[in-house]
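> Sending over model33.txt (compact mmCIF, C-alpha atoms).
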```txt
# COMPACT_ATOMS: atom_id res chain seq x y z
CA MET A 222 -41.55 24.55 4.63
CA ASP A 223 -42.79 24.28 1.06
CA ARG A 224 -42.73 20.70 -0.18
CA ASP A 225 -41.18 21.74 -3.48
CA VAL A 226 -38.37 23.54 -1.68
CA VAL A 227 -37.68 20.53 0.51
CA ARG A 228 -37.70 18.26 -2.54
CA ARG A 229 -35.31 20.58 -4.38
CA VAL A 230 -32.98 20.77 -1.37
CA LEU A 231 -32.90 16.99 -1.09
CA ILE A 232 -32.21 16.49 -4.79
CA GLU A 233 -29.42 19.07 -4.88
CA GLY A 234 -28.11 17.67 -1.61
CA VAL A 235 -27.68 14.31 -3.31
CA PHE A 236 -25.61 15.92 -6.05
CA VAL A 237 -23.50 17.78 -3.50
CA VAL A 238 -22.80 14.45 -1.78
CA LEU A 239 -21.95 12.84 -5.12
CA ALA A 240 -19.56 15.68 -5.88
CA GLY A 241 -17.89 15.41 -2.48
CA PHE A 242 -17.63 11.63 -2.67
CA SER A 243 -16.12 11.66 -6.17
CA MET A 244 -13.58 14.34 -5.22
CA GLY A 245 -12.50 12.50 -2.08
CA ALA A 246 -12.37 9.11 -3.79
CA LEU A 247 -10.30 10.25 -6.76
CA VAL A 248 -7.88 12.31 -4.63
CA SER A 249 -7.36 9.29 -2.34
CA VAL A 250 -6.68 7.02 -5.31
CA ALA A 251 -4.23 9.55 -6.75
CA SER A 252 -2.39 9.89 -3.42
CA PHE A 253 -1.76 6.14 -3.08
CA ALA A 254 -0.45 5.35 -6.54
CA ASP A 255 2.16 2.97 -4.99
CA TYR A 256 -0.52 0.34 -4.51
CA GLY A 257 -0.88 -0.50 -8.20
CA LEU A 258 -4.49 0.57 -8.58
CA LEU A 259 -6.94 0.48 -11.49
CA LEU A 260 -6.28 4.15 -12.24
CA SER A 261 -2.91 5.85 -12.10
CA LEU A 262 -3.53 9.55 -11.51
CA ASP A 263 -1.40 12.58 -10.85
CA VAL A 264 -2.24 14.09 -7.45
CA GLY A 265 -2.02 17.75 -8.41
CA GLY A 266 -3.94 17.39 -11.65
CA THR A 267 -6.62 15.32 -9.95
CA ILE A 268 -7.15 17.87 -7.21
CA ILE A 269 -7.38 20.75 -9.65
CA PHE A 270 -9.52 19.24 -12.38
CA VAL A 271 -11.85 17.12 -10.26
CA ALA A 272 -12.48 19.97 -7.81
CA LEU A 273 -13.11 22.48 -10.58
CA GLY A 274 -15.18 20.06 -12.64
CA ALA A 275 -17.38 19.02 -9.74
CA GLY A 276 -17.68 22.67 -8.68
CA ILE A 277 -18.75 23.80 -12.13
CA ALA A 278 -21.33 21.01 -12.20
CA ILE A 279 -22.74 22.10 -8.83
CA GLY A 280 -22.77 25.73 -9.97
CA LEU A 281 -24.65 24.77 -13.14
CA ARG A 282 -27.26 22.95 -11.11
CA LEU A 283 -27.72 25.70 -8.52
CA ARG A 284 -28.35 28.47 -11.05
CA ASP A 285 -31.67 29.34 -9.39
CA ALA A 286 -30.34 29.35 -5.84
CA GLU A 287 -29.13 32.33 -3.84
CA PRO A 288 -25.34 32.78 -3.83
CA GLN A 289 -25.02 31.95 -0.12
CA TYR A 290 -26.49 28.49 -0.76
CA LEU A 291 -24.00 27.96 -3.53
CA VAL A 292 -21.13 28.72 -1.15
CA LEU A 293 -22.72 26.45 1.48
CA ALA A 294 -22.98 23.65 -1.08
CA GLY A 295 -19.33 24.15 -1.99
CA PHE A 296 -18.19 23.93 1.61
CA VAL A 297 -20.32 20.87 2.33
CA GLY A 298 -19.07 19.09 -0.79
CA SER A 299 -15.40 19.77 -0.12
CA SER A 300 -15.82 18.83 3.56
CA ILE A 301 -17.26 15.47 2.50
CA ALA A 302 -14.25 15.03 0.22
CA ILE A 303 -11.79 15.71 3.04
CA ILE A 304 -13.61 13.24 5.29
CA ILE A 305 -13.35 10.61 2.53
CA VAL A 306 -9.59 11.28 2.29
CA LEU A 307 -9.20 10.93 6.07
CA ILE A 308 -11.14 7.66 6.04
CA SER A 309 -8.92 6.42 3.23
CA VAL A 310 -5.66 7.28 5.03
CA TYR A 311 -6.77 5.57 8.26
CA ALA A 312 -8.55 2.66 6.56
CA PRO A 313 -6.20 -0.05 7.92
CA VAL A 314 -6.83 1.21 11.45
CA PHE A 315 -10.61 1.21 10.94
CA ALA A 316 -10.40 -2.29 9.43
CA GLY A 317 -8.62 -3.52 12.56
CA VAL A 318 -5.56 -4.66 10.62
CA VAL A 319 -3.14 -2.38 12.46
CA ALA A 320 -3.36 -0.75 15.86
CA GLY A 321 -1.90 2.50 14.58
CA LEU A 322 -0.44 3.74 11.32
CA GLU A 323 3.01 3.99 12.96
CA ALA A 324 3.18 0.18 12.70
CA LEU A 325 3.33 0.53 8.92
CA GLY A 326 6.56 2.48 9.08
CA PRO A 327 7.84 5.98 9.76
CA SER A 328 5.87 7.87 7.10
CA ASP A 329 3.79 10.19 9.22
CA SER A 330 4.98 13.14 7.17
CA ALA A 331 3.76 11.51 3.96
CA ARG A 332 0.33 10.97 5.48
CA ALA A 333 0.26 14.52 6.79
CA VAL A 334 1.11 15.78 3.29
CA ILE A 335 -1.79 13.80 1.79
CA ILE A 336 -4.25 15.31 4.26
CA PHE A 337 -2.82 18.84 3.89
CA VAL A 338 -2.91 18.70 0.10
CA SER A 339 -6.55 17.58 0.16
CA LEU A 340 -7.39 20.87 1.92
CA PHE A 341 -6.82 22.60 -1.42
CA LEU A 342 -10.10 21.02 -2.52
CA ILE A 343 -11.99 23.69 -0.56
CA PRO A 344 -10.91 26.82 -2.47
CA LEU A 345 -10.75 25.04 -5.82
CA HIS A 346 -14.23 23.59 -5.44
CA LEU A 347 -15.63 26.98 -4.38
CA VAL A 348 -14.04 28.63 -7.42
CA GLY A 349 -15.59 25.93 -9.58
CA CYS A 350 -19.01 26.49 -8.01
CA VAL A 351 -18.85 30.21 -8.70
CA ALA A 352 -17.60 29.64 -12.23
CA GLY A 353 -20.40 27.16 -12.87
CA TYR A 354 -22.94 29.57 -11.42
CA ALA A 355 -21.77 32.31 -13.79
CA LEU A 356 -21.62 29.91 -16.71
CA ALA A 357 -25.18 28.77 -16.04
CA ASP A 358 -26.36 32.36 -16.16
CA PHE A 359 -24.52 32.86 -19.44
CA LEU A 360 -25.96 29.70 -20.99
CA ALA A 361 -29.51 30.26 -19.77
CA PRO A 362 -32.05 31.35 -22.37
CA GLU A 363 -32.71 35.10 -22.69
CA GLY A 364 -35.46 36.32 -20.37
CA VAL A 365 -34.48 33.82 -17.73
CA ARG A 366 -31.13 35.36 -16.83
CA ARG A 367 -30.54 37.24 -13.61
CA GLY A 368 -30.08 41.04 -13.75
CA ARG A 369 -30.58 43.29 -16.74
CA ASN A 370 -30.57 42.11 -20.30
CA LEU A 371 -28.33 44.38 -22.32
CA GLU A 372 -30.13 46.20 -25.11
CA ARG A 373 -29.12 45.22 -28.61
CA LEU A 374 -27.10 47.91 -30.27
CA MET B 166 -34.70 21.56 -16.10
CA THR B 167 -32.17 23.17 -18.47
CA TRP B 168 -29.91 21.07 -20.65
CA PHE B 169 -26.78 22.06 -18.79
CA ALA B 170 -28.32 21.09 -15.44
CA LYS B 171 -29.00 17.64 -16.90
CA ALA B 172 -25.48 17.46 -18.29
CA ALA B 173 -24.08 18.43 -14.88
CA ALA B 174 -26.18 15.73 -13.21
CA ILE B 175 -24.93 13.08 -15.62
CA PHE B 176 -21.35 14.26 -15.19
CA LEU B 177 -21.58 14.07 -11.39
CA ALA B 178 -23.17 10.62 -11.52
CA VAL B 179 -20.50 9.25 -13.85
CA LEU B 180 -17.73 10.81 -11.77
CA ALA B 181 -19.17 9.29 -8.61
CA VAL B 182 -19.50 5.83 -10.18
CA VAL B 183 -15.93 5.87 -11.50
CA GLY B 184 -14.66 7.26 -8.22
CA GLY B 185 -16.55 4.62 -6.27
CA ILE B 186 -15.17 1.74 -8.31
CA VAL B 187 -11.53 2.84 -8.09
CA TRP B 188 -11.89 3.82 -4.43
CA VAL B 189 -13.22 0.41 -3.42
CA ASN B 190 -10.37 -1.23 -5.38
CA PHE B 191 -7.87 1.03 -3.60
CA LEU B 192 -9.30 0.32 -0.13
CA ASP B 193 -9.19 -3.42 -0.77
CA ARG B 194 -5.53 -3.38 -1.85
CA TYR B 195 -4.42 -0.88 0.80
CA ILE B 196 -5.98 -2.86 3.67
CA ALA B 197 -4.73 -6.20 2.32
CA ALA B 198 -1.21 -4.83 1.79
CA SER B 199 -1.16 -3.36 5.31
CA ASP B 200 -2.33 -6.71 6.70
CA ALA B 201 0.47 -8.48 4.81
CA ARG B 202 3.09 -6.04 6.05
CA MET B 203 1.95 -6.55 9.63
CA GLN B 204 1.85 -10.36 9.56
CA ILE B 205 4.62 -11.58 7.24
CA GLY B 206 7.38 -11.02 9.81
CA GLY B 207 5.81 -13.51 12.19
CA ASN B 208 5.09 -16.07 9.50
CA VAL B 209 8.54 -16.83 8.09
CA GLY B 210 10.95 -19.38 9.54
CA TYR B 211 12.98 -22.54 9.08
CA GLN B 212 11.48 -25.85 8.09
CA ASN B 213 14.67 -27.91 7.71
CA VAL B 214 18.47 -27.62 7.69
CA THR B 215 20.58 -30.27 5.99
CA ILE B 216 24.37 -30.47 6.39
CA PRO B 217 26.21 -33.40 4.81
CA ALA B 218 29.03 -35.11 6.61
CA VAL B 219 32.49 -33.92 5.48
CA THR B 220 34.55 -36.88 4.29
CA SER B 221 37.59 -35.29 2.65
CA PRO B 222 39.35 -31.90 2.84
CA ASN B 223 38.94 -31.12 -0.86
CA GLU B 224 35.26 -31.87 -1.32
CA ASN B 225 32.50 -29.35 -2.02
CA VAL B 226 29.84 -29.36 0.67
CA THR B 227 26.40 -27.91 0.03
CA VAL B 228 24.34 -26.80 3.00
CA GLY B 229 20.59 -26.82 2.46
CA VAL B 230 18.28 -24.48 4.38
CA LEU B 231 14.54 -24.91 3.82
CA PHE B 232 12.53 -21.80 4.63
CA PHE B 233 8.76 -21.65 4.96
CA LEU B 234 6.66 -18.56 4.35
CA ARG B 235 3.02 -18.34 5.29
CA ASN B 236 0.97 -15.54 3.72
CA PRO B 237 -2.17 -15.04 5.82
CA SER B 238 -3.21 -11.86 4.02
CA GLY B 239 -5.57 -11.46 1.10
CA ILE B 240 -2.94 -10.18 -1.31
CA ALA B 241 -0.04 -12.02 -2.93
CA ILE B 242 3.55 -11.20 -2.08
CA ASP B 243 6.71 -11.65 -4.15
CA ILE B 244 9.78 -13.04 -2.39
CA MET B 245 12.59 -10.98 -3.91
CA HIS B 246 15.27 -12.85 -2.00
CA ILE B 247 16.15 -14.56 1.28
CA SER B 248 19.78 -14.15 2.26
CA TYR B 249 21.55 -15.65 5.26
CA ARG B 250 24.88 -16.04 6.99
CA PHE B 251 25.70 -19.58 8.09
CA TYR B 252 27.77 -20.18 11.21
CA MET B 253 28.84 -23.37 12.96
CA ASP B 254 28.86 -23.07 16.71
CA ASN B 255 31.86 -24.14 18.76
CA LEU B 256 30.46 -25.39 22.06
CA THR B 257 33.86 -25.20 23.74
CA ASP B 258 33.96 -21.43 23.14
CA THR B 259 31.76 -19.97 25.86
CA ARG B 260 31.93 -16.37 24.69
CA SER B 261 28.79 -14.62 23.51
CA PHE B 262 27.87 -14.86 19.84
CA ALA B 263 28.72 -11.21 19.29
CA GLU B 264 32.30 -11.91 20.43
CA LYS B 265 32.91 -15.24 18.74
CA GLY B 266 30.73 -14.83 15.63
CA ALA B 267 33.55 -13.80 13.33
CA SER B 268 35.46 -17.00 14.12
CA LEU B 269 32.37 -19.16 13.55
CA PHE B 270 31.28 -17.76 10.18
CA VAL B 271 31.29 -20.34 7.39
CA VAL B 272 29.50 -19.14 4.27
CA PRO B 273 26.75 -16.83 3.02
CA GLY B 274 23.80 -18.29 1.19
CA GLY B 275 20.25 -17.64 0.18
CA PHE B 276 17.32 -18.02 -2.16
CA PHE B 277 17.46 -15.68 -5.15
CA PRO B 278 14.57 -16.25 -7.53
CA PRO B 279 14.73 -14.82 -11.05
CA GLY B 280 12.44 -12.19 -12.49
CA ILE B 281 10.03 -10.29 -10.28
CA GLY B 282 10.42 -12.83 -7.50
CA TYR B 283 8.75 -15.94 -6.16
CA VAL B 284 5.03 -15.31 -5.89
CA VAL B 285 3.28 -16.45 -2.74
CA GLY B 286 -0.45 -16.31 -3.26
CA PRO B 287 -2.96 -15.01 -0.72
CA HIS B 288 -3.73 -17.37 2.19
CA SER B 289 -1.03 -19.83 1.11
CA THR B 290 2.23 -21.30 2.42
CA VAL B 291 5.38 -22.09 0.47
CA SER B 292 8.71 -23.76 1.23
CA VAL B 293 11.87 -22.73 -0.60
CA TRP B 294 15.41 -24.01 -0.44
CA GLY B 295 18.29 -21.59 0.02
CA ASN B 296 21.58 -23.40 -0.48
CA ALA B 297 25.18 -22.46 0.18
CA THR B 298 28.28 -24.31 -0.96
CA VAL B 299 31.71 -24.48 0.65
CA PHE B 300 34.42 -25.31 -1.90
CA GLY B 301 36.96 -27.35 0.04
CA ALA B 302 39.82 -26.88 -2.40
CA THR B 303 39.69 -23.07 -2.24
CA GLN B 304 38.04 -22.52 1.15
CA PRO B 305 39.91 -24.81 3.58
CA THR B 306 39.26 -22.53 6.57
CA GLN B 307 35.53 -22.41 5.94
CA LEU B 308 35.41 -26.19 5.46
CA ALA B 309 37.26 -26.73 8.72
CA ARG B 310 34.78 -24.47 10.51
CA LEU B 311 31.88 -26.33 8.94
CA ASN B 312 33.28 -29.72 9.90
CA LEU B 313 32.88 -29.20 13.64
CA THR B 314 30.72 -31.71 15.46
CA PHE B 315 29.99 -32.49 19.06
CA GLY B 316 28.71 -35.94 19.88
CA GLY B 317 28.43 -36.57 16.13
CA ARG B 318 26.09 -33.61 15.63
CA TYR B 319 26.36 -30.19 14.03
CA PHE B 320 25.29 -27.05 15.88
CA PRO B 321 24.61 -24.50 13.15
CA ILE B 322 23.56 -20.89 13.69
CA ILE B 323 21.80 -19.09 10.84
CA ASP B 324 20.86 -15.43 10.60
CA ALA B 325 18.57 -14.69 7.64
CA ALA B 326 16.80 -11.71 6.14
CA LEU B 327 13.80 -11.69 3.82
CA VAL B 328 13.04 -9.00 1.26
CA TYR B 329 9.59 -9.09 -0.33
CA ARG B 330 7.29 -6.91 -2.38
CA VAL B 331 3.52 -6.71 -2.08
CA HIS B 332 2.45 -8.09 -5.44
CA GLY B 333 1.44 -5.51 -8.01
CA THR B 334 2.65 -2.59 -5.91
CA SER B 335 5.91 -0.79 -5.29
CA ILE B 336 5.76 -1.56 -1.56
CA VAL B 337 9.01 -3.38 -0.62
CA GLU B 338 9.62 -4.58 2.93
CA ARG B 339 12.51 -6.25 4.71
CA VAL B 340 12.31 -8.75 7.59
CA LEU B 341 15.57 -8.99 9.54
CA GLY B 342 16.74 -11.31 12.28
CA ILE B 343 15.22 -14.61 11.12
CA GLU B 344 17.38 -16.75 13.36
CA PHE B 345 18.02 -20.47 13.67
CA ALA B 346 19.86 -22.19 16.50
CA THR B 347 19.60 -25.65 17.96
CA SER B 348 20.29 -26.92 21.47
CA GLY B 349 20.22 -30.60 20.52
CA GLY B 350 22.23 -30.40 17.33
CA ILE B 351 21.60 -31.75 13.82
CA VAL B 352 22.60 -35.22 12.63
CA PRO B 353 24.80 -34.98 9.49
CA PHE B 354 22.66 -35.51 6.41
CA GLY B 355 23.04 -38.93 4.88
CA SER B 356 24.77 -40.48 7.87
```
Here is the file; what I need is its structure written in the form of structure tokens.

Amino acid sequence: MDRDVVRRVLIEGVFVVLAGFSMGALVSVASFADYGLLLSLDVGGTIIFVALGAGIAIGLRLRDAEPQYLVLAGFVGSSIAIIIVLISVYAPVFAGVVAGLEALGPSDSARAVIIFVSLFLIPLHLVGCVAGYALADFLAPEGVRRGRNLERL
Amino acid sequence: MTWFAKAAAIFLAVLAVVGGIVWVNFLDRYIAASDARMQIGGNVGYQNVTIPAVTSPNENVTVGVLFFLRNPSGIAIDIMHISYRFYMDNLTDTRSFAEKGASLFVVPGGFFPPGIGYVVGPHSTVSVWGNATVFGATQPTQLARLNLTFGGRYFPIIDAALVYRVHGTSIVERVLGIEFATSGGIVPFGS
């Protein structure tokens, strides 16, 4: 494989991971507002704006890539975010503080809601990626855009 | 690289840094709060119970109950209150406590700190007094129940409950069934 292609894939892969990590981290923080954290965020707003924002950023960066790689990047990023949310929900179990989350009280439905709501990151992030992709094409200098340049009237 | 690709890179980096900082803060508090919730119930109990001798039927008698609370977690907790029901056992009544409890009840009491509560720091232990007073002039029945000794000793039974909040959060927990009973009795305080 061409060294430049590999280098480009690795660089954009880092940004996809950053996007996924930031989405997962901020959604987790928003979901556990009871714990008096540094940031107090609204869950719905966080999911929408962080997913769209990160998606647009990925779309802007992958202007030169084929559309299927854009969709792949979107799925990978949102999957990383969901994994971060799952790690956050089960953090006391992984830390060895509790044997199971049931010991913290009967709130299984609340935890299930947090995980279910985080699934909305997938479509929102994909929409953001596509929007960013289109925006990048619009912002690109003339002569570098994909497709036909419209003739001036 | 185009200007918007650079802007997107900076945006993602900043978002990841901010997200990382708040996420680590959240994990720290969530794990510490869960640790506190798991361990507090087994780290609260009685350190001392003082009951003065009753010398006249009209006197006011104050019972002192000293609770200890050990906080082994890494996050502070706020004691919102400790409330208890104080009974004096009648050793001649061999019924179970559930059957005879109503006839043994003397007075409710507790520790009710002002404000947000009594803060117990991480990895620390505190002792707090929760007193209860029987007013002999207006509560002759309760005073008579209190003034019941066997071999010169009191045999109190105390059933307490603790309500606490994990400091800086809206997590409130209750610990029920903090019980005290003695087989050897307690010498009247001051005698």
> Rank A:Gly295, A:Gly257, A:Gly245, A:Pro344 by their smallest atom-to-atom distance to chain B, using all atoms listed in the file, and report the top residue only.
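So, comparing all the options, the nearest one is A:Gly257.
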> Which is closer to chain B than all the others in A:Phe337, A:Phe359, A:Tyr290, A:Phe242, using all atoms listed in the file?
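Comparing A:Phe337, A:Phe359, A:Tyr290, A:Phe242 against chain B, the winner is A:Phe242.
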> Identify, on the basis of all atoms listed in the file, every residue whose closest approach to Gly265 in chain A does not exceed 9 Å; exclude the query and any residue fewer than 6 positions from it along the same chain; express the result as a ChimeraX atom specification.
/A:248,251,338
> For the atom pair CA of Arg284 in chain A and CA of Leu345 in chain A, what is the interatomic distance in Å to one decimal place?
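Going from CA of Arg284 in chain A over to CA of Leu345 in chain A, I get 18.7 Å.
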> Which of these, A:Val351, A:Leu307, A:Val318, A:Leu281, has the shortest distance to Val334 in chain A once you count all atoms listed in the file?
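Looking only at the distances to Val334 in chain A, the closest residue turns out to be A:Leu307.
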> Could you tell me which residues of chain B sit within 12 Å of chain A when counting all atoms listed in the file, and give me the result as a PyMOL selection string?
chain B and resi 166-204+237-240+330-339
> By how many Å are CA of Asp258 in chain B and CA of Thr306 in chain B apart?
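Here the two named atoms are 17.4 Å from each other.
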> The residues within 10 Å of (11.1, -10.0, 3.0), using only C-alpha atoms and the coordinates of the file, should be reported as an NGL selection string; which are they?
:B and (202 or 205-206 or 209 or 234 or 242-248 or 325-331 or 337-341)
> Tell me, in Å to one decimal, how far CA of Phe354 in chain B is from CA of Arg260 in chain B.
28.0 Å
> B:Thr347, B:Asn236, B:Asn213, B:Asn208: which is nearest Val285 in chain B, counting all atoms listed in the file?
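Under the stated criterion, the closest residue is B:Asn236.
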> Rank nothing, just name the residue among B:Ala346, B:Val293, B:Ala218, B:Val271 nearest to Leu231 in chain B, using all atoms listed in the file.
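Result for the nearest residue to Leu231 in chain B: B:Val293.
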> Using all atoms listed in the file, determine which residues lie at most 7 Å from range 316-318 of chain B, disregarding the query and same-chain residues fewer than 6 positions distant; provide the list as a list in words.
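With the cut-off at 7 Å, the set is Gly350, Ile351, Val352 and Pro353 of chain B.
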> May I have the residues within 7 Å of Ser299 in chain A as a list in words, using all atoms listed in the file and disregarding those fewer than 6 positions away in the same chain?
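After dropping sequence-adjacent residues, the list is Gly241, Leu342, Ile343 and His346 of chain A.
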> Please provide as a PyMOL selection string all residues within 7 Å of range 252-254 of chain B, with the sequence filter that same-chain residues fewer than 2 positions apart are discarded (counting only C-alpha atoms).
chain B and resi 250+256+269-271+310-311+320-323
> Excluding Ser221 in chain B and residues on its chain fewer than 2 positions from it, collect all residues at most 12 Å away from it, counting only C-alpha atoms, and give them as a PyMOL selection string.
chain B and resi 217-219+223-226+300-302+305+308-309+312
> Between A:Val235, A:Ala286, A:Val226, A:Leu273, single out the one closest to Cys350 in chain A, counting only C-alpha atoms.
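Among the listed residues, the smallest separation from Cys350 in chain A belongs to A:Leu273.
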